[in-house]
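Asks: Got a file for you: model.cif, mmCIF, C-alpha atoms and all ligand atoms.
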```cif
data_query
loop_
_atom_site.label_atom_id
_atom_site.label_comp_id
_atom_site.auth_asym_id
_atom_site.auth_seq_id
_atom_site.Cartn_x
_atom_site.Cartn_y
_atom_site.Cartn_z
CA MET A 1 64.67 16.18 -141.83
CA LEU A 2 61.08 15.05 -142.16
CA GLU A 3 60.08 11.49 -142.96
CA VAL A 4 56.50 10.42 -143.48
CA ARG A 5 56.36 6.66 -143.86
CA ALA A 6 53.38 4.73 -145.22
CA ALA A 7 50.94 7.15 -143.58
CA ARG A 8 47.35 5.95 -143.74
CA LYS A 9 44.17 7.63 -142.52
CA VAL A 10 40.62 6.57 -143.31
CA PHE A 11 37.56 8.55 -142.22
CA TYR A 12 34.20 6.77 -141.65
CA ARG A 13 35.84 3.38 -142.17
CA GLY A 14 33.47 0.70 -143.40
CA GLN A 15 30.62 3.19 -143.86
CA PRO A 16 29.08 4.16 -147.22
CA ASP A 17 30.82 7.56 -147.08
CA GLU A 18 34.26 6.11 -146.24
CA LYS A 19 37.05 8.51 -147.22
CA ILE A 20 40.66 7.47 -147.61
CA ALA A 21 42.50 10.70 -146.82
CA LEU A 22 46.04 9.26 -146.71
CA ASN A 23 46.72 6.06 -148.57
CA GLY A 24 50.25 4.94 -147.74
CA LEU A 25 51.83 8.37 -148.13
CA ASP A 26 55.63 8.36 -148.25
CA LEU A 27 57.48 11.64 -148.19
CA THR A 28 61.00 12.70 -147.23
CA LEU A 29 62.20 16.25 -146.87
CA LYS A 30 65.91 16.77 -146.25
CA THR A 31 67.17 19.27 -143.71
CA GLY A 32 67.12 22.71 -145.31
CA GLU A 33 64.92 21.59 -148.17
CA PHE A 34 61.85 23.58 -149.29
CA GLY A 35 59.11 21.30 -150.63
CA VAL A 36 55.97 22.64 -152.31
CA VAL A 37 52.89 20.42 -152.13
CA ILE A 38 50.14 20.75 -154.73
CA GLY A 39 47.11 18.60 -155.53
CA SER A 40 43.41 18.89 -156.29
CA ASN A 41 40.70 19.26 -153.65
CA GLY A 42 40.55 16.16 -151.48
CA ALA A 43 44.03 14.95 -152.48
CA GLY A 44 45.08 14.73 -148.83
CA LYS A 45 47.18 17.88 -148.40
CA SER A 46 45.50 19.14 -145.22
CA SER A 47 45.33 15.64 -143.77
CA MET A 48 49.07 15.33 -144.34
CA LEU A 49 49.82 18.64 -142.59
CA ASN A 50 47.46 17.75 -139.74
CA ALA A 51 49.11 14.36 -139.33
CA ILE A 52 52.58 15.94 -139.26
CA SER A 53 51.58 18.62 -136.74
CA GLY A 54 49.70 16.07 -134.63
CA SER A 55 46.08 17.26 -134.86
CA LEU A 56 45.21 14.14 -136.87
CA SER A 57 46.24 10.72 -135.60
CA LEU A 58 47.24 8.15 -138.21
CA ASP A 59 45.64 4.70 -138.50
CA SER A 60 49.09 3.39 -139.41
CA GLY A 61 52.45 4.68 -140.56
CA GLN A 62 55.11 6.86 -138.96
CA ILE A 63 56.28 10.42 -138.81
CA LEU A 64 59.89 11.19 -137.95
CA ILE A 65 61.61 14.51 -137.38
CA ASN A 66 65.40 14.40 -137.52
CA GLY A 67 65.18 10.66 -136.92
CA ASP A 68 62.88 10.89 -133.85
CA ASP A 69 59.59 9.06 -134.16
CA ILE A 70 56.95 11.64 -133.20
CA THR A 71 53.93 9.63 -134.40
CA ALA A 72 52.51 9.23 -130.90
CA LEU A 73 53.37 12.72 -129.57
CA PRO A 74 50.47 15.11 -128.85
CA VAL A 75 50.28 18.49 -130.67
CA HIS A 76 51.71 20.56 -127.81
CA LYS A 77 54.79 18.33 -127.55
CA ARG A 78 55.46 18.68 -131.27
CA ALA A 79 54.85 22.41 -131.24
CA THR A 80 58.38 23.30 -130.17
CA ARG A 81 59.76 21.41 -133.17
CA ILE A 82 57.11 22.20 -135.76
CA ALA A 83 55.91 25.70 -136.70
CA ARG A 84 52.78 26.18 -138.77
CA VAL A 85 51.34 29.22 -140.51
CA PHE A 86 47.68 29.05 -141.53
CA GLN A 87 45.66 30.65 -144.30
CA ASP A 88 43.96 33.31 -142.20
CA PRO A 89 46.23 36.31 -141.46
CA MET A 90 44.04 37.11 -138.44
CA LEU A 91 44.75 33.79 -136.73
CA GLY A 92 48.46 33.99 -136.00
CA THR A 93 48.60 37.40 -134.28
CA ALA A 94 46.80 39.33 -131.53
CA ALA A 95 45.10 42.31 -133.22
CA SER A 96 44.93 44.74 -130.31
CA MET A 97 48.58 44.30 -129.30
CA THR A 98 51.61 45.93 -130.87
CA VAL A 99 54.12 44.22 -133.14
CA ALA A 100 56.63 44.07 -130.27
CA GLU A 101 54.07 42.62 -127.85
CA ASN A 102 53.16 39.96 -130.38
CA MET A 103 56.84 39.06 -130.81
CA LEU A 104 57.14 38.79 -127.02
CA LEU A 105 54.10 36.51 -126.83
CA ALA A 106 55.56 34.25 -129.50
CA GLU A 107 58.90 34.13 -127.67
CA LEU A 108 57.23 33.16 -124.42
CA ARG A 109 55.26 30.43 -126.17
CA SER A 110 58.25 28.92 -127.85
CA LYS A 111 60.84 29.14 -125.10
CA LYS A 112 58.78 28.75 -121.94
CA ARG A 113 60.25 31.97 -120.55
CA THR A 114 58.62 34.24 -118.03
CA LEU A 115 57.50 37.81 -118.65
CA ARG A 116 60.38 38.96 -116.47
CA HIS A 117 62.16 41.99 -117.94
CA GLY A 118 59.34 42.26 -120.53
CA LEU A 119 60.15 44.28 -123.60
CA ASN A 120 63.68 45.24 -122.63
CA ALA A 121 66.20 46.85 -124.98
CA LYS A 122 67.92 43.55 -125.77
CA ARG A 123 64.66 41.90 -126.77
CA LEU A 124 63.55 44.84 -128.87
CA ALA A 125 66.88 44.82 -130.72
CA ASP A 126 66.49 41.10 -131.37
CA TYR A 127 62.93 41.58 -132.65
CA ARG A 128 64.10 44.40 -134.90
CA ASP A 129 66.75 42.10 -136.41
CA ARG A 130 64.28 39.29 -136.98
CA LEU A 131 61.61 41.53 -138.48
CA ALA A 132 64.18 43.12 -140.81
CA ILE A 133 64.66 39.71 -142.45
CA LEU A 134 61.17 40.05 -143.95
CA GLY A 135 62.12 43.18 -145.89
CA LEU A 136 58.77 44.86 -145.20
CA GLY A 137 59.88 47.61 -142.82
CA LEU A 138 58.16 46.03 -139.83
CA GLU A 139 61.30 46.57 -137.76
CA GLU A 140 60.38 50.29 -137.77
CA ARG A 141 56.85 49.59 -136.55
CA LEU A 142 57.40 47.78 -133.26
CA GLU A 143 54.96 50.10 -131.47
CA THR A 144 52.21 49.78 -134.10
CA ARG A 145 49.08 47.87 -133.20
CA VAL A 146 48.78 44.79 -135.38
CA ASP A 147 45.26 45.66 -136.54
CA LEU A 148 46.75 48.70 -138.30
CA LEU A 149 49.04 46.54 -140.45
CA SER A 150 48.14 45.34 -143.95
CA GLY A 151 47.09 41.71 -144.44
CA GLY A 152 50.45 40.93 -145.99
CA GLN A 153 52.43 42.52 -143.16
CA ARG A 154 50.29 40.70 -140.65
CA GLN A 155 50.75 37.32 -142.30
CA SER A 156 54.50 37.90 -142.58
CA LEU A 157 54.57 38.81 -138.88
CA SER A 158 52.74 35.53 -138.13
CA LEU A 159 55.44 33.72 -140.03
CA ILE A 160 58.38 35.32 -138.24
CA MET A 161 56.61 34.76 -134.90
CA ALA A 162 56.02 31.09 -135.74
CA VAL A 163 59.69 30.42 -136.47
CA GLY A 164 61.14 32.31 -133.49
CA GLY A 165 61.90 29.11 -131.60
CA SER A 166 64.10 27.76 -134.44
CA PRO A 167 61.78 24.87 -135.34
CA ASP A 168 63.02 21.73 -137.11
CA LEU A 169 60.19 22.09 -139.60
CA LEU A 170 58.01 24.92 -140.93
CA LEU A 171 54.59 24.03 -142.34
CA LEU A 172 52.96 26.64 -144.58
CA ASP A 173 49.29 25.76 -144.93
CA GLU A 174 48.12 27.76 -147.97
CA HIS A 175 49.41 30.77 -146.09
CA THR A 176 48.94 33.17 -149.04
CA ALA A 177 45.53 31.88 -150.17
CA ALA A 178 43.45 34.53 -148.39
CA LEU A 179 45.48 37.42 -149.81
CA ASP A 180 45.07 39.35 -153.06
CA PRO A 181 47.58 38.32 -155.77
CA ARG A 182 50.00 41.20 -155.23
CA THR A 183 49.99 40.79 -151.46
CA ALA A 184 50.38 37.02 -151.86
CA ASP A 185 53.54 37.63 -153.90
CA ILE A 186 54.88 40.04 -151.28
CA VAL A 187 54.31 37.46 -148.53
CA MET A 188 55.99 34.77 -150.62
CA GLU A 189 59.05 36.97 -151.09
CA ALA A 190 59.15 37.63 -147.34
CA THR A 191 58.72 33.91 -146.73
CA VAL A 192 61.68 33.01 -148.91
CA ARG A 193 63.84 35.62 -147.19
CA ALA A 194 62.96 34.11 -143.79
CA VAL A 195 63.41 30.50 -144.97
CA ASP A 196 66.83 31.31 -146.46
CA ALA A 197 68.09 33.48 -143.59
CA LEU A 198 66.98 31.06 -140.88
CA LYS A 199 67.77 27.92 -142.95
CA LEU A 200 64.33 26.46 -142.33
CA THR A 201 63.23 23.05 -143.54
CA THR A 202 59.90 23.94 -145.10
CA LEU A 203 56.82 22.19 -146.46
CA MET A 204 54.35 24.51 -148.18
CA VAL A 205 50.89 23.58 -149.42
CA THR A 206 49.56 25.85 -152.14
CA HIS A 207 46.93 26.04 -154.87
CA ASN A 208 48.95 28.81 -156.52
CA MET A 209 50.73 27.11 -159.43
CA GLN A 210 52.90 30.16 -160.14
CA HIS A 211 54.23 29.99 -156.60
CA ALA A 212 54.83 26.24 -157.03
CA VAL A 213 56.88 27.02 -160.14
CA ASP A 214 58.75 30.01 -158.70
CA TYR A 215 59.60 28.81 -155.19
CA GLY A 216 61.05 25.80 -153.42
CA HIS A 217 63.40 22.99 -154.41
CA ARG A 218 60.84 20.32 -155.21
CA VAL A 219 57.18 20.16 -156.24
CA ILE A 220 55.29 17.26 -154.70
CA MET A 221 51.90 16.52 -156.22
CA LEU A 222 49.47 14.54 -154.10
CA ASN A 223 46.58 12.56 -155.48
CA ALA A 224 44.21 10.25 -153.61
CA GLY A 225 46.27 10.36 -150.44
CA ARG A 226 49.70 9.59 -151.83
CA VAL A 227 52.52 11.18 -153.79
CA HIS A 228 51.54 11.15 -157.45
CA LEU A 229 54.48 13.08 -158.89
CA GLU A 230 57.69 14.77 -157.73
CA ILE A 231 59.59 17.35 -159.72
CA GLY A 232 63.01 18.46 -158.47
CA GLY A 233 66.44 19.56 -159.66
CA GLU A 234 66.79 20.76 -163.23
CA GLU A 235 63.28 19.61 -164.11
CA LYS A 236 61.91 21.88 -161.38
CA ALA A 237 63.99 24.79 -162.67
CA ASN A 238 62.37 24.41 -166.11
CA VAL A 239 58.82 23.49 -165.15
CA THR A 240 55.98 25.83 -166.17
CA VAL A 241 52.51 26.51 -164.82
CA ALA A 242 51.11 24.84 -167.95
CA ASP A 243 53.14 21.69 -167.17
CA LEU A 244 51.76 21.53 -163.64
CA VAL A 245 48.20 22.22 -164.76
CA GLY A 246 48.69 19.48 -167.37
CA HIS A 247 49.41 16.97 -164.62
CA PHE A 248 46.11 17.91 -162.97
CA ALA A 249 44.32 17.46 -166.31
CA ILE A 250 45.80 14.00 -166.90
CA LYS A 251 44.74 12.97 -163.44
CA THR A 252 41.20 14.25 -163.94
CA ASP A 253 40.92 12.53 -167.35
CA SER A 254 42.06 9.20 -165.94
CA MET A 255 39.57 9.58 -163.08
CA LEU A 256 36.78 10.26 -165.56
CA LEU A 257 37.78 7.24 -167.65
CA ALA A 258 37.83 5.08 -164.55
CA SER A 259 34.39 6.18 -163.43
N1 LIG B 301 37.60 15.42 -140.66
C1 LIG B 301 37.24 14.72 -141.76
N2 LIG B 301 36.17 13.92 -141.75
C2 LIG B 301 35.82 13.23 -142.85
N3 LIG B 301 36.50 13.23 -144.00
C3 LIG B 301 37.58 14.02 -144.07
C4 LIG B 301 38.01 14.81 -142.96
N4 LIG B 301 39.14 15.49 -143.34
C5 LIG B 301 39.37 15.14 -144.62
N5 LIG B 301 38.45 14.27 -145.06
C6 LIG B 301 38.41 13.66 -146.38
O1 LIG B 301 39.70 13.17 -146.68
C7 LIG B 301 40.04 13.43 -148.04
C8 LIG B 301 41.29 14.30 -148.08
O2 LIG B 301 40.94 15.61 -147.60
P1 LIG B 301 42.00 16.79 -147.35
O3 LIG B 301 41.25 17.90 -146.70
O4 LIG B 301 43.18 16.24 -146.66
O5 LIG B 301 42.37 17.16 -148.86
P2 LIG B 301 43.07 18.48 -149.39
O6 LIG B 301 44.03 18.03 -150.44
O7 LIG B 301 43.61 19.28 -148.27
O8 LIG B 301 41.87 19.26 -150.09
P3 LIG B 301 41.63 20.85 -150.25
O9 LIG B 301 42.56 21.30 -151.33
O10 LIG B 301 40.19 20.93 -150.66
O11 LIG B 301 41.89 21.50 -148.93
C9 LIG B 301 38.82 14.07 -148.67
O12 LIG B 301 38.07 13.07 -149.30
C10 LIG B 301 38.08 14.65 -147.49
O13 LIG B 301 36.70 14.70 -147.74
#
```
As C-alpha cells, please, write out the structure in this file.
Ligand SMILES: Nc1ncnc2c1ncn2[C@@H]1O[C@H](COP(=O)(O)OP(=O)(O)OP(=O)(O)O)[C@@H](O)[C@H]1O
Replies:
Amino acid sequence: MLEVRAARKVFYRGQPDEKIALNGLDLTLKTGEFGVVIGSNGAGKSSMLNAISGSLSLDSGQILINGDDITALPVHKRATRIARVFQDPMLGTAASMTVAENMLLAELRSKKRTLRHGLNAKRLADYRDRLAILGLGLEERLETRVDLLSGGQRQSLSLIMAVGGSPDLLLLDEHTAALDPRTADIVMEATVRAVDALKLTTLMVTHNMQHAVDYGHRVIMLNAGRVHLEIGGEEKANVTVADLVGHFAIKTDSMLLAS
C-alpha cells in the first residue's frame, strides 16, 4: 500500500519564478491496485514519482509504504521496495550483454547476492519462467545480446528486471512514451501480464489516454500539484478517451478564465 499525505514541494521559493510542483498532494493506492496518473504538462506527475522514489525531497508531507514512513529514506534504501521503469528503453538494460546476463545483474542488484555460481541452470530456469510471463518469447532468447532486441522487447525486459526483487510498489514513468503506437500497446500488454502474475501494486504515469482508459483500476488526474479527479469502479469501466480529454479541456478553460 502506498500513501502520499499532504505532499508539498516548491521550487525557487519566494523568487519571481517560484513553482509549486506538489501542493498538498494526497494519494492512496491499495495493495494490488493499479493506478493510472494523467495530467497536463507541469501538473506534478514527475515530481510525485520523484518524491515517492526519493530523488526529490519534500518540503512537507509524508510518504508511507505498507505503513512504514519512508519520507526521510535516501533513494538507495527505498530501491529494494520501489521499482521504477523509465521512458527510455535504453536506460534499464545493458546493451552489450545478453538477456540472461542482464537478468543476473538485476538479481544481484535487488538481492545483494554475489556472482557465485553465475548463470547456473537453476537461475536460467528461473529467468526463463519470469520472461515467459511477458508473452514476447524472450524466454527463448536468453543468449541474445540486448542491443539486438526490439525497443518493445527491451523495455519489457527492463520491466521484468525491475520487479525481480518483488517490490512493494512499481512506478511506471511514461514507460511507453518513447515507443511507436503498436510497440507501446505490446509493452502495455506485457506490463499487465507481469502486474497480474506478480500481483504488483502499480502507479503508472502516462500521456496516452487510450492506455488510461484501457488499463488499471483507477484513473487519477493531477492538476497544479494535487489530485483533481479520480475515476474508479464502474465509472472507470465506462470512461472514454473523449471523457478524459474533456476533463483536460475544462481545466484549461477555467485556467484561461482565471488568467
Ligand atoms: N527541478 C525543477 N526545478 C524547477 N522547477 C521544477 C523542477 N521540476 C519540476 N519543476 C516545476 O514543477 C512543476 C511540476 O512539474 P512536473 O515535471 O512534476 O510536472 P509533470 O506533470 O511531470 O509534467 P510533464 O507532463 O511535462 O512531464 C512545473 O511547474 C515544473 O516547471
Asks: Which is closest to Ile133 of chain A among A:Leu171, A:Ile160, A:Ala7, A:Leu104, if we use only C-alpha atoms?
Replies: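 Looking at the shortest contact to Ile133 of chain A, the residue is A:Ile160.
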Asks: Find the residue from A:Met221, A:Ile186, A:Ala242, A:Ala162 that sits nearest to ligand LIG 301 (chain B); use all atoms listed in the file when measuring.
Replies: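 Looking at the shortest contact to ligand LIG 301 (chain B), the residue is A:Met221.
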Asks: Set the distance at 12 Å and use all atoms listed in the file: which residues neighbour Val241 of chain A once local chain neighbours fewer than 6 positions away are removed? I'd like the list as a ChimeraX atom specification.
Replies: /A:38,207-214,219,247-248
Asks: Could you take the residues named above and write them with C-alpha atoms, as a PDB file, keeping the file's coordinate frame?
Replies:
```
ATOM      1  CA  ILE A  38      50.140  20.750-154.730  1.00  0.00           C
ATOM      2  CA  HIS A 207      46.930  26.040-154.870  1.00  0.00           C
ATOM      3  CA  ASN A 208      48.950  28.810-156.520  1.00  0.00           C
ATOM      4  CA  MET A 209      50.730  27.110-159.430  1.00  0.00           C
ATOM      5  CA  GLN A 210      52.900  30.160-160.140  1.00  0.00           C
ATOM      6  CA  HIS A 211      54.230  29.990-156.600  1.00  0.00           C
ATOM      7  CA  ALA A 212      54.830  26.240-157.030  1.00  0.00           C
ATOM      8  CA  VAL A 213      56.880  27.020-160.140  1.00  0.00           C
ATOM      9  CA  ASP A 214      58.750  30.010-158.700  1.00  0.00           C
ATOM     10  CA  VAL A 219      57.180  20.160-156.240  1.00  0.00           C
ATOM     11  CA  HIS A 247      49.410  16.970-164.620  1.00  0.00           C
ATOM     12  CA  PHE A 248      46.110  17.910-162.970  1.00  0.00           C
TER      13      PHE A 248
END
```
Asks: May I have the centre and edge lengths, in Å to one decimal, of an axis-aligned box around the listed atoms of segment 208-223 of chain A with 3 Å added to every side, as lines of an AutoDock Vina configuration file?
Replies:
```
center_x = 55.0
center_y = 21.4
center_z = -156.8
size_x = 22.8
size_y = 23.6
size_z = 12.7
```
Asks: I'd like the neighbourhood of Asp185 of chain A as a ChimeraX atom specification, where a residue qualifies if any of its atoms comes within 9 Å (using all atoms listed in the file), though same-chain residues fewer than 4 positions away should be ignored.
Replies: /A:176,180-181,189-190,211
Asks: Please find the residues contacting ligand LIG 301 (chain B) at a distance of at most 9 Å between atoms, with all atoms listed in the file counted, and report them as a PyMOL selection string.
Replies: chain A and resi 9-12+17-22+38-50+56+174+205-207+222-225
Asks: Between A:Ser150, A:Thr93, A:Lys111, A:Glu33, which is the closest to Val195 of chain A once you count only C-alpha atoms?
Replies: A:Glu33
Asks: Which value, in Å to one decimal, gives the distance between atom CA of Ser60 of chain A and atom CA of Leu29 of chain A?
Replies: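 Computing the Euclidean distance for atom CA of Ser60 of chain A and atom CA of Leu29 of chain A yields 19.8 Å.
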Asks: Write out as a list in words each polymer residue whose atoms come within 10 Å of Ser156 of chain A, counting all atoms listed in the file; drop sequence neighbours fewer than 3 positions from it.
Replies: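 Contacts, in chain order: Val85, Pro89, Gly92, Leu131, Leu134, Gly135, Leu136, Leu138, Ser150, Gly151, Gly152, Gln153, Leu159, Ile160, Met161, Ala162, His175, Thr176, Ile186, Val187, Met188, Glu189, Ala190, Thr191 and Ala194 of chain A.
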Asks: Pull C-alpha atoms from the residues just selected and write them as a PDB file, keeping the file's coordinate frame.
Replies:
```pdb
ATOM      1  CA  VAL A  85      51.340  29.220-140.510  1.00  0.00           C
ATOM      2  CA  PRO A  89      46.230  36.310-141.460  1.00  0.00           C
ATOM      3  CA  GLY A  92      48.460  33.990-136.000  1.00  0.00           C
ATOM      4  CA  LEU A 131      61.610  41.530-138.480  1.00  0.00           C
ATOM      5  CA  LEU A 134      61.170  40.050-143.950  1.00  0.00           C
ATOM      6  CA  GLY A 135      62.120  43.180-145.890  1.00  0.00           C
ATOM      7  CA  LEU A 136      58.770  44.860-145.200  1.00  0.00           C
ATOM      8  CA  LEU A 138      58.160  46.030-139.830  1.00  0.00           C
ATOM      9  CA  SER A 150      48.140  45.340-143.950  1.00  0.00           C
ATOM     10  CA  GLY A 151      47.090  41.710-144.440  1.00  0.00           C
ATOM     11  CA  GLY A 152      50.450  40.930-145.990  1.00  0.00           C
ATOM     12  CA  GLN A 153      52.430  42.520-143.160  1.00  0.00           C
ATOM     13  CA  LEU A 159      55.440  33.720-140.030  1.00  0.00           C
ATOM     14  CA  ILE A 160      58.380  35.320-138.240  1.00  0.00           C
ATOM     15  CA  MET A 161      56.610  34.760-134.900  1.00  0.00           C
ATOM     16  CA  ALA A 162      56.020  31.090-135.740  1.00  0.00           C
ATOM     17  CA  HIS A 175      49.410  30.770-146.090  1.00  0.00           C
ATOM     18  CA  THR A 176      48.940  33.170-149.040  1.00  0.00           C
ATOM     19  CA  ILE A 186      54.880  40.040-151.280  1.00  0.00           C
ATOM     20  CA  VAL A 187      54.310  37.460-148.530  1.00  0.00           C
ATOM     21  CA  MET A 188      55.990  34.770-150.620  1.00  0.00           C
ATOM     22  CA  GLU A 189      59.050  36.970-151.090  1.00  0.00           C
ATOM     23  CA  ALA A 190      59.150  37.630-147.340  1.00  0.00           C
ATOM     24  CA  THR A 191      58.720  33.910-146.730  1.00  0.00           C
ATOM     25  CA  ALA A 194      62.960  34.110-143.790  1.00  0.00           C
TER      26      ALA A 194
END
```
Asks: Pick out the residues sitting within 10 Å of segment 141-149 of chain A, and hand them over as a list in words; count only C-alpha atoms, and ignore anything fewer than 5 positions along from it in its own chain.
Replies: Met90, Thr93, Ala94, Ala95, Ser96, Met97, Thr98, Val99, Ala100, Glu101, Asn102, Met103, Leu124, Tyr127, Arg128, Leu131, Arg154, Gln155 and Leu157 of chain A
Asks: Between atom CA of Leu200 of chain A and atom CA of Gly118 of chain A, what is the spacing in Å?
Replies: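 Going from atom CA of Gly118 of chain A over to atom CA of Leu200 of chain A, I get 27.4 Å.
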Asks: Counting only C-alpha atoms, select every polymer residue within 7 Å of (62.6, 24.1, -139.2) as defined in the file's coordinates, and provide the selection as an NGL selection string.
Replies: :A and (82 or 166-170 or 200-202)
Asks: So, counting all atoms listed in the file, which residue among A:Arg5, A:Arg130, A:Lys236, A:Lys30 is closest to Gly165 of chain A?
Replies: A:Arg130
Asks: When distances are computed from all atoms listed in the file, which of A:Ile220, A:Ala83, A:Val192, A:Leu58 shows the smallest separation from Leu172 of chain A?
Replies: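 That would be A:Ala83, the residue with the smallest distance to Leu172 of chain A.
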Asks: How many Å separate atom CA of Ile70 of chain A from atom CA of Ile52 of chain A?
Replies: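 Computing the Euclidean distance for atom CA of Ile70 of chain A and atom CA of Ile52 of chain A yields 8.6 Å.
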Asks: With only C-alpha atoms as the basis for distance, which of A:Arg8, A:Arg109, A:Arg13, A:His217 is at the shortest distance from Ile63 of chain A?
Replies: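 Closest to Ile63 of chain A of all the choices is A:Arg8.
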